[in-house]
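As structure tokens, the structure follows; a few thoughts come after it.
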Amino acid sequence: MSDTEDVLFSEAVKAEQTRLGSRKAFEGRDFKSEITDDLRQFLDVIDTFCFATASADGRPYIQHRGGPPGFLKPIGTHTLAFADFAGNRQYITLGHLKENDRAHIFIPHFATRQRVKLWGRARVVEGDLELMERLVDSSYKAKPQRAIVFTLEAWDSNCPQHIVPRYTEAEIAPAVDKLIIRIKELEEDVARLKGEKS
């Protein structure tokens, strides 16, 4: 049994897989624990993800994280980091990470119907200017307050089942631009034809 499999599946999870008939599909499977080129390319376009933590007594919390494309940055073979921007000032994630460093990142990419799940441990880094320079896009208009560094223990990707395609404004802009040009051409044709008839 691989170490990464133990990260993903507790004994209770394995028991449920056995009971429901899917255990053999996962036995001995070596889930990835390093940042691969495929994962880097995926992260380059990501502008949103969900970040999950839990308190010392196991109370979970999931927070949306957003930023410019590629803001979740690989900074080593097993390490990712992102700038923590000013938000609602509840600081639930920060408090959880003080008492329980286990964390999870769930990344849906709706346009390509992909989802990637990352298990690991996270820590808050404050006052590291060199790290912040690596993480912050100066053209993004949000105030970074600190960094969160995520040490990857395992990751996996899922099938596209049940992911409804959705597109950002930037993703549909090229198609819209072509339509605008075509509409203008047709309007000019209509005006010319009307002019010829009068």
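FYI, nothing fancy with the structure tokens labels: chains A, B, ... in order, residues from 1 per chain, ligands from 1 as they appear.
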
Please provide the set of residues having any atom within 12 Å of region 20-27 of chain A, restricted to only C-alpha atoms, with same-chain residues fewer than 2 positions apart removed, written as a list in words.
Met1, Ser2, Asp3, Thr4, Glu5, Asp6, Leu8, Phe9, Glu11, Ala12, Val13, Lys14, Ala15, Glu16, Gln17, Thr18, Arg29, Asp30, Phe31 and Asp156 of chain A

Those residues with all heavy atoms, as a compact mmCIF listing (two decimals), in the first residue's frame please?
```txt
# COMPACT_ATOMS: atom_id res chain seq x y z
N MET A 1 0.84 -1.18 0.00
CA MET A 1 0.00 0.00 0.00
C MET A 1 0.89 1.24 0.00
O MET A 1 1.84 1.33 0.74
CB MET A 1 -0.88 -0.01 1.25
CG MET A 1 -1.88 1.09 1.28
SD MET A 1 -2.91 0.99 2.76
CE MET A 1 -3.45 -0.70 2.68
N SER A 2 0.57 2.24 -0.85
CA SER A 2 1.41 3.43 -0.96
C SER A 2 1.10 4.42 0.14
O SER A 2 0.00 4.44 0.69
CB SER A 2 1.20 4.09 -2.33
OG SER A 2 -0.09 4.66 -2.39
N ASP A 3 2.09 5.25 0.47
CA ASP A 3 1.89 6.30 1.47
C ASP A 3 0.83 7.29 1.01
O ASP A 3 0.05 7.79 1.81
CB ASP A 3 3.21 7.04 1.75
CG ASP A 3 4.21 6.14 2.45
OD1 ASP A 3 3.79 5.16 3.08
OD2 ASP A 3 5.41 6.43 2.37
N THR A 4 0.84 7.60 -0.30
CA THR A 4 -0.14 8.57 -0.81
C THR A 4 -1.56 8.03 -0.67
O THR A 4 -2.49 8.79 -0.39
CB THR A 4 0.14 8.93 -2.27
OG1 THR A 4 0.22 7.74 -3.05
CG2 THR A 4 1.42 9.73 -2.42
N GLU A 5 -1.74 6.74 -0.84
CA GLU A 5 -3.07 6.15 -0.67
C GLU A 5 -3.57 6.34 0.75
O GLU A 5 -4.75 6.61 0.99
CB GLU A 5 -3.04 4.66 -1.03
CG GLU A 5 -4.40 4.01 -1.00
CD GLU A 5 -4.33 2.51 -1.24
OE1 GLU A 5 -3.32 2.02 -1.76
OE2 GLU A 5 -5.32 1.84 -0.87
N ASP A 6 -2.68 6.21 1.73
CA ASP A 6 -3.07 6.42 3.12
C ASP A 6 -3.45 7.87 3.40
O ASP A 6 -4.25 8.15 4.28
CB ASP A 6 -1.93 6.00 4.06
CG ASP A 6 -1.81 4.48 4.14
OD1 ASP A 6 -2.79 3.79 3.83
OD2 ASP A 6 -0.72 4.00 4.53
N LEU A 8 -5.03 9.81 1.24
CA LEU A 8 -6.36 9.99 0.67
C LEU A 8 -7.44 9.22 1.42
O LEU A 8 -8.55 9.72 1.61
CB LEU A 8 -6.38 9.55 -0.80
CG LEU A 8 -5.95 10.54 -1.85
CD1 LEU A 8 -4.49 10.90 -1.75
CD2 LEU A 8 -6.25 10.00 -3.24
N PHE A 9 -7.13 7.99 1.81
CA PHE A 9 -8.16 7.09 2.30
C PHE A 9 -7.86 6.62 3.73
O PHE A 9 -6.90 5.87 3.95
CB PHE A 9 -8.27 5.85 1.40
CG PHE A 9 -8.47 6.16 -0.06
CD1 PHE A 9 -7.76 5.48 -1.03
CD2 PHE A 9 -9.37 7.14 -0.46
CE1 PHE A 9 -7.94 5.74 -2.37
CE2 PHE A 9 -9.56 7.42 -1.81
CZ PHE A 9 -8.84 6.72 -2.77
N GLU A 11 -8.89 4.40 7.20
CA GLU A 11 -9.37 3.01 7.32
C GLU A 11 -10.88 2.94 7.14
O GLU A 11 -11.41 2.00 6.54
CB GLU A 11 -8.95 2.41 8.66
CG GLU A 11 -7.45 2.16 8.78
CD GLU A 11 -6.90 1.30 7.64
OE1 GLU A 11 -7.53 0.28 7.30
OE2 GLU A 11 -5.84 1.65 7.09
N ALA A 12 -11.60 3.93 7.64
CA ALA A 12 -13.06 3.95 7.48
C ALA A 12 -13.45 4.11 6.01
O ALA A 12 -14.40 3.48 5.53
CB ALA A 12 -13.67 5.08 8.31
N VAL A 13 -12.70 4.92 5.28
CA VAL A 13 -12.97 5.10 3.84
C VAL A 13 -12.70 3.79 3.11
O VAL A 13 -13.51 3.35 2.27
CB VAL A 13 -12.11 6.24 3.26
CG1 VAL A 13 -12.21 6.28 1.73
CG2 VAL A 13 -12.54 7.58 3.85
N LYS A 14 -11.59 3.15 3.43
CA LYS A 14 -11.27 1.86 2.78
C LYS A 14 -12.34 0.82 3.07
O LYS A 14 -12.70 0.01 2.19
CB LYS A 14 -9.90 1.37 3.24
CG LYS A 14 -8.75 2.23 2.74
CD LYS A 14 -7.45 1.80 3.40
CE LYS A 14 -6.34 2.78 3.10
NZ LYS A 14 -5.12 2.52 3.87
N ALA A 15 -12.86 0.84 4.29
CA ALA A 15 -13.92 -0.12 4.64
C ALA A 15 -15.18 0.14 3.81
O ALA A 15 -15.82 -0.82 3.34
CB ALA A 15 -14.24 -0.02 6.13
N GLU A 16 -15.50 1.40 3.59
CA GLU A 16 -16.68 1.72 2.77
C GLU A 16 -16.44 1.34 1.31
O GLU A 16 -17.34 0.85 0.63
CB GLU A 16 -17.02 3.21 2.87
CG GLU A 16 -17.69 3.60 4.17
CD GLU A 16 -19.00 2.85 4.36
OE1 GLU A 16 -19.98 3.15 3.65
OE2 GLU A 16 -19.05 1.93 5.22
N GLN A 17 -15.22 1.56 0.82
CA GLN A 17 -14.89 1.14 -0.55
C GLN A 17 -15.05 -0.37 -0.69
O GLN A 17 -15.58 -0.85 -1.70
CB GLN A 17 -13.46 1.56 -0.90
CG GLN A 17 -13.29 3.05 -1.06
CD GLN A 17 -11.83 3.46 -1.20
OE1 GLN A 17 -10.92 2.68 -0.93
NE2 GLN A 17 -11.61 4.70 -1.62
N THR A 18 -14.61 -1.12 0.32
CA THR A 18 -14.76 -2.58 0.29
C THR A 18 -16.23 -2.97 0.31
O THR A 18 -16.69 -3.79 -0.50
CB THR A 18 -14.02 -3.21 1.49
OG1 THR A 18 -12.64 -2.88 1.41
CG2 THR A 18 -14.19 -4.73 1.50
N ARG A 29 -2.70 1.63 -5.86
CA ARG A 29 -2.55 2.73 -6.82
C ARG A 29 -1.61 3.78 -6.22
O ARG A 29 -1.74 4.16 -5.07
CB ARG A 29 -3.91 3.36 -7.12
CG ARG A 29 -3.83 4.45 -8.15
CD ARG A 29 -5.21 4.88 -8.57
NE ARG A 29 -5.14 6.17 -9.24
CZ ARG A 29 -6.19 6.89 -9.52
NH1 ARG A 29 -7.39 6.47 -9.20
NH2 ARG A 29 -6.06 8.05 -10.12
N ASP A 30 -0.66 4.21 -7.01
CA ASP A 30 0.32 5.19 -6.53
C ASP A 30 -0.14 6.58 -6.95
O ASP A 30 0.08 7.01 -8.08
CB ASP A 30 1.70 4.87 -7.11
CG ASP A 30 2.79 5.65 -6.42
OD1 ASP A 30 2.54 6.14 -5.30
OD2 ASP A 30 3.88 5.79 -7.00
N PHE A 31 -0.80 7.28 -6.04
CA PHE A 31 -1.24 8.63 -6.32
C PHE A 31 -0.02 9.55 -6.35
O PHE A 31 0.97 9.32 -5.67
CB PHE A 31 -2.24 9.09 -5.27
CG PHE A 31 -3.55 8.36 -5.36
CD1 PHE A 31 -3.77 7.22 -4.58
CD2 PHE A 31 -4.54 8.78 -6.22
CE1 PHE A 31 -4.96 6.53 -4.67
CE2 PHE A 31 -5.74 8.09 -6.30
CZ PHE A 31 -5.95 6.97 -5.53
N ASP A 156 -4.68 14.14 -6.98
CA ASP A 156 -5.38 13.29 -7.92
C ASP A 156 -6.30 14.17 -8.75
O ASP A 156 -6.68 15.27 -8.32
CB ASP A 156 -6.19 12.23 -7.16
CG ASP A 156 -6.75 11.13 -8.06
OD1 ASP A 156 -6.14 10.85 -9.12
OD2 ASP A 156 -7.78 10.57 -7.71
```

Please report, as JSON, numbers by chain, each residue of chain A to which DSSP assigns alpha helix (DSSP H) when run on this structure's backbone.
{"A": [3, 4, 5, 6, 7, 8, 11, 12, 13, 14, 15, 16, 17, 18, 19, 20, 23, 24, 25, 26, 37, 38, 39, 40, 41, 42, 43, 44, 45, 92, 93, 94, 95, 96, 97, 98, 99, 129, 130, 131, 132, 133, 134, 135, 169, 170, 171, 172, 173, 174, 175, 176, 177, 178, 179, 180, 181, 182, 183, 184, 185, 186, 187, 188, 189, 190, 191, 192, 193, 194, 195, 196, 197]}

Residues of chain A in strand (DSSP E or B), written as an MDAnalysis selection string:
chainID A and resid 32 48:54 60:66 73:74 79:85 102:109 114:125 144:158

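Among the candidates A:Glu185, A:Phe110, A:Asp177, A:Leu72, the residue lying nearest to His162 (chain A) is A:Phe110 (atoms considered: only C-alpha atoms).
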
When you count only C-alpha atoms, which of these residues is closest to Ile46 (chain A): A:Thr112, A:Thr151, A:Asn158, A:Ser139?
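Smallest separation from Ile46 (chain A) among the options: A:Thr112.
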
If I take CA of Arg65 (chain A) and CA of Thr168 (chain A), how far is one from the other in Å, to one decimal?
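It comes out at 15.9 Å.
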
When distances are computed from only C-alpha atoms, which of A:Asp57, A:Glu153, A:Glu169, A:Glu130 shows the smallest separation from Val7 (chain A)?
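Using only C-alpha atoms, Val7 (chain A) sits closest to A:Glu153.
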
Residue with smallest distance to Lys73 (chain A) - pool A:Ala142, A:Cys50, A:Ile148, A:Val124, counting only C-alpha atoms
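With only C-alpha atoms as the atom set, the closest residue is A:Ile148.
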
Taking only C-alpha atoms into account, name the residue in A:Arg182, A:Ala103, A:His109, A:Lys141 that is nearest to Tyr167 (chain A).
A:His109
